[in-house]
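Worksheet for the structure shown next.
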Amino acid sequence: MKSACFEKRSQALRRLLKAENLDAYITLSTLEQRYLSGAELLAGEAVFVVTRNQTYCVTKQMLAAKIAAANKNIKLHLAEFGSILRGALILIKQKKLKSCAFDGTLVSLDEGQTLLSVGAVRKDGLLLPLRAQKDADEIAKIKHACKIASDAFAEVKPKIKTGMSEEDVRVMMATAMVARGANGIPFNIVCFGENGADAHHMPSSKRKLKAEDAILMDFGCFYQGYLSDMTRSWWHGKKAPAEYTKIWNIVDKAYKASVKILKAGIKAGAADAAARDLITAQGYGKEFFHTTGHGVGLYVHEEPFLRKNSSKIVPVNAAVTIEPGIYLDGKFGVRLEDTFLVTKTGRKKLTY
């Protein structure tokens, strides 16, 4: 992608630095570095120092050409091997940057103590409001990740047969997503029957699909650094039990209620309440024990979180999930989830 897109992100961060009365933002996070530059780096390979006028990358000589090729607007500052953070601190001193911030949740204890010792301040989540609102490049990548996962599921679902294990199905899904261009599979949950009551169950090679059984699958993939997320629940067999049909219909109504009100400008808690209140009214409030949804991007769970009583505003061009669920211990679970792009007037469904 052209450097101009990344420069716009850096400019947005610079405006934020000015608003927060900060001289610079320091990041050791490879995901934040990718967001700001497009460079794919490993932990410990670089430290970014973003000032009100320039983005600096403190790195090793061996990585200079790679980073320069990724983004021509970044100014490289070479440090000795094994002393990249120290090199960043030297740069900060040279540039006389007095008020520098870092995200304490994205550094190790030692790194955080080092930064604090030189006067840097914690500003956890500083980039989250910027990252919550996706730009055109991010939207395109998330859309494609959603297409990969959706098309893979369409291929795999008809192949799921009685006697297969959860692990058998997990491997089929992973293979189908990779075959369509997925760069990685961060999660791939397959649950049969009672295992569906465990919201994040690890697929088993021992649990076999019965002739009459509940299935819950929650999966997603990376595409050029960005994620998809979707969940499907259905009954495998000739006739679903009345209790399963009842629960599935309640979850479906809750899902639709939340989707209906999803648009830019609403409080995140409102999207949660639309689903949670309906499920609670049906007597299953305690069996719905997670948020109604979350943002999707470089992380599978990021802002905005559609959680109970949240007053945070859902921004335009946020990519979020809607995923209410009911989990009956020892029996089954039902969760219905899709990823949506939030628009000014509503939402666009990205998974299918």
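Ligands are numbered from 1 in the order shown, residues from 1 within each chain, and chains are lettered A, B, ... in the order they appear in the structure tokens.
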Please provide as a VMD selection string all residues within 9 Å of segment 129-141 of chain A, with the sequence filter that same-chain residues fewer than 4 positions apart are discarded (counting only C-alpha atoms). chain A and resid 1 5 9 12 to 13 35 125 145 to 146 223 to 227 295 to 298 302 to 304 314 to 319 341
Excluding segment 268-272 of chain A and residues on its chain fewer than 4 positions from it, collect all residues at most 8 Å away from it, counting only C-alpha atoms, and give them as a PyMOL selection string. chain A and resi 258-259+261-262+276+291-293+304-314
Please produce an output containing C-alpha atoms for each residue in the selection, written as a PDB file, in the first residue's frame.
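File produced: again_33.pdb:
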```
ATOM      1  CA  SER A 258     -28.930  -5.633  18.250  1.00  0.00           C
ATOM      2  CA  VAL A 259     -28.208  -5.505  14.520  1.00  0.00           C
ATOM      3  CA  ILE A 261     -30.041  -0.481  16.097  1.00  0.00           C
ATOM      4  CA  LEU A 262     -26.370  -0.717  15.091  1.00  0.00           C
ATOM      5  CA  ARG A 276     -29.227  -8.734  26.557  1.00  0.00           C
ATOM      6  CA  THR A 291     -20.349  -8.985  25.633  1.00  0.00           C
ATOM      7  CA  THR A 292     -22.735  -8.687  22.707  1.00  0.00           C
ATOM      8  CA  GLY A 293     -19.881  -7.736  20.412  1.00  0.00           C
ATOM      9  CA  PRO A 304     -15.404  -0.564  20.399  1.00  0.00           C
ATOM     10  CA  PHE A 305     -16.579  -3.225  22.861  1.00  0.00           C
ATOM     11  CA  LEU A 306     -20.364  -3.606  22.857  1.00  0.00           C
ATOM     12  CA  ARG A 307     -20.601  -4.284  26.577  1.00  0.00           C
ATOM     13  CA  LYS A 308     -23.209  -3.658  29.246  1.00  0.00           C
ATOM     14  CA  ASN A 309     -23.682  -0.014  30.234  1.00  0.00           C
ATOM     15  CA  SER A 310     -20.827   1.222  28.028  1.00  0.00           C
ATOM     16  CA  SER A 311     -21.184   4.925  27.207  1.00  0.00           C
ATOM     17  CA  LYS A 312     -18.525   4.838  24.476  1.00  0.00           C
ATOM     18  CA  ILE A 313     -19.797   5.967  21.096  1.00  0.00           C
ATOM     19  CA  VAL A 314     -19.600   3.586  18.155  1.00  0.00           C
TER      20      VAL A 314
END
```
Residue list (alpha helix (DSSP H), DSSP) for segment 77-193 of chain A, as a PyMOL selection string: chain A and resi 84-94+109-117+128-132+136-156+166-179
Restricting the calculation to only C-alpha atoms: of A:Gly346, A:Gly237, A:Gly333, A:Gly44, which residue gets closest to Cys191 of chain A? A:Gly333
Near Ala211 of chain A, counting only C-alpha atoms, which residues have an atom at most 8 Å away, once you skip same-chain residues fewer than 2 positions from it, shown as a PyMOL selection string? chain A and resi 162-163+209+213+236-237
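Residues lying within 12 Å of Gly285 of chain A, counting only C-alpha atoms and ignoring same-chain neighbours fewer than 5 positions away, are Ile250, Val251, Ala254, Ala273, Ala275, Arg276, Asp277, Leu278, Ile279, Thr280, His290, Pro324, Gly325, Ile326, Tyr327 and Leu328 of chain A.
DSSP annotation of segment 218-309 of chain A from backbone atoms: strand (DSSP E or B) residues are Asp218, Phe219, Gly220, Cys221, Phe222, Tyr223, Tyr226, Leu227, Met230, Thr231, Arg232, Ser233, Trp234, Trp235, His236, Lys267, Gly293, His294, Gly295, Glu302, Glu303, Pro304, Phe305 and Leu306 of chain A.
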What's around segment 85-90 of chain A at 10 Å? Count only C-alpha atoms, leave out sequence neighbours fewer than 4 positions away in its own chain, and write the answer as a CSV table (one decimal) with C-alpha atoms, in the first residue's frame.
```csv
chain,number,residue,atom,x,y,z
A,26,ILE,CA,6.7,5.7,21.9
A,28,LEU,CA,7.3,-1.1,20.8
A,44,GLY,CA,12.3,-6.3,19.6
A,45,GLU,CA,13.2,-5.2,16.0
A,46,ALA,CA,12.2,-1.6,16.3
A,47,VAL,CA,10.9,1.2,18.5
A,48,PHE,CA,8.8,3.9,16.9
A,49,VAL,CA,8.9,7.5,18.2
A,56,TYR,CA,11.0,8.0,13.6
A,57,CYS,CA,11.9,4.3,13.5
A,58,VAL,CA,14.8,3.2,15.7
A,59,THR,CA,16.0,-0.1,14.4
A,60,LYS,CA,19.0,-2.2,13.3
A,77,HIS,CA,17.5,6.1,13.3
A,78,LEU,CA,20.0,3.2,13.6
A,79,ALA,CA,20.9,1.7,16.9
A,80,GLU,CA,23.5,-0.8,18.0
A,81,PHE,CA,22.4,-4.4,18.1
A,94,GLN,CA,18.6,14.6,21.1
A,95,LYS,CA,15.3,15.9,19.9
A,96,LYS,CA,14.6,17.4,23.4
A,97,LEU,CA,11.2,15.7,23.6
A,111,GLU,CA,10.5,-1.9,29.3
A,114,THR,CA,12.8,1.9,31.8
A,115,LEU,CA,10.4,4.3,30.1
A,118,VAL,CA,13.3,8.7,32.0
A,120,ALA,CA,7.8,9.0,30.0
```
Would you compute the distance between atom CA of Ala70 of chain A and atom CA of Leu41 of chain A? Give it in Å to one decimal.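 Atom CA of Leu41 of chain A lies at a distance of 10.8 Å from atom CA of Ala70 of chain A.
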Nearest candidate to Glu7 of chain A (options A:Thr343, A:Thr51, A:Asn71, A:Ser108; using only C-alpha atoms): A:Asn71
Long-range neighbours of Gln11 of chain A as a list in words, 12 Å cut-off, only C-alpha atoms, 6 positions minimum in chain: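 Answer for this query is Ala4, Cys5, Leu17, Lys18, Leu36, Ser37, Val50, Thr51, Arg52, Asn53, Gln54, Thr55, Asn73 and Leu130 of chain A.
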Write a file of the just-selected residues containing N, CA and C atoms, as a tab-separated table (two decimals), in the first residue's frame.
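Output saved as out_21.tsv:
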```
chain	number	residue	atom	x	y	z
A	4	ALA	N	1.14	7.08	1.63
A	4	ALA	CA	0.21	8.16	1.94
A	4	ALA	C	-0.85	7.75	2.94
A	5	CYS	N	-1.33	6.52	2.83
A	5	CYS	CA	-2.36	6.04	3.75
A	5	CYS	C	-1.82	5.98	5.17
A	17	LEU	N	-1.63	13.94	19.72
A	17	LEU	CA	-0.55	14.35	20.61
A	17	LEU	C	-0.70	15.82	21.00
A	18	LYS	N	-1.04	16.64	20.03
A	18	LYS	CA	-1.24	18.06	20.32
A	18	LYS	C	-2.40	18.26	21.28
A	36	LEU	N	0.99	2.01	11.74
A	36	LEU	CA	1.53	3.33	11.42
A	36	LEU	C	2.45	3.35	10.21
A	37	SER	N	2.96	2.18	9.81
A	37	SER	CA	3.96	2.19	8.74
A	37	SER	C	3.75	1.17	7.62
A	50	VAL	N	6.89	8.71	17.55
A	50	VAL	CA	6.08	9.60	16.72
A	50	VAL	C	5.99	10.95	17.41
A	51	THR	N	6.51	11.98	16.75
A	51	THR	CA	6.45	13.33	17.31
A	51	THR	C	5.37	14.12	16.58
A	52	ARG	N	5.23	15.38	16.93
A	52	ARG	CA	4.22	16.21	16.27
A	52	ARG	C	4.57	16.53	14.82
A	53	ASN	N	5.82	16.24	14.43
A	53	ASN	CA	6.27	16.58	13.09
A	53	ASN	C	6.79	15.41	12.27
A	54	GLN	N	7.17	14.32	12.93
A	54	GLN	CA	7.88	13.25	12.22
A	54	GLN	C	7.66	11.90	12.92
A	55	THR	N	7.71	10.84	12.13
A	55	THR	CA	7.72	9.48	12.68
A	55	THR	C	9.12	8.91	12.52
A	73	ASN	N	8.06	7.72	4.29
A	73	ASN	CA	7.90	8.90	5.14
A	73	ASN	C	8.49	8.74	6.53
A	130	LEU	N	-8.32	5.96	17.36
A	130	LEU	CA	-7.94	6.09	15.95
A	130	LEU	C	-8.15	4.76	15.23
```
Residue nearest Leu127 of chain A among A:Lys286, A:Thr351, A:Leu106, A:Glu212 (counting only C-alpha atoms): A:Leu106
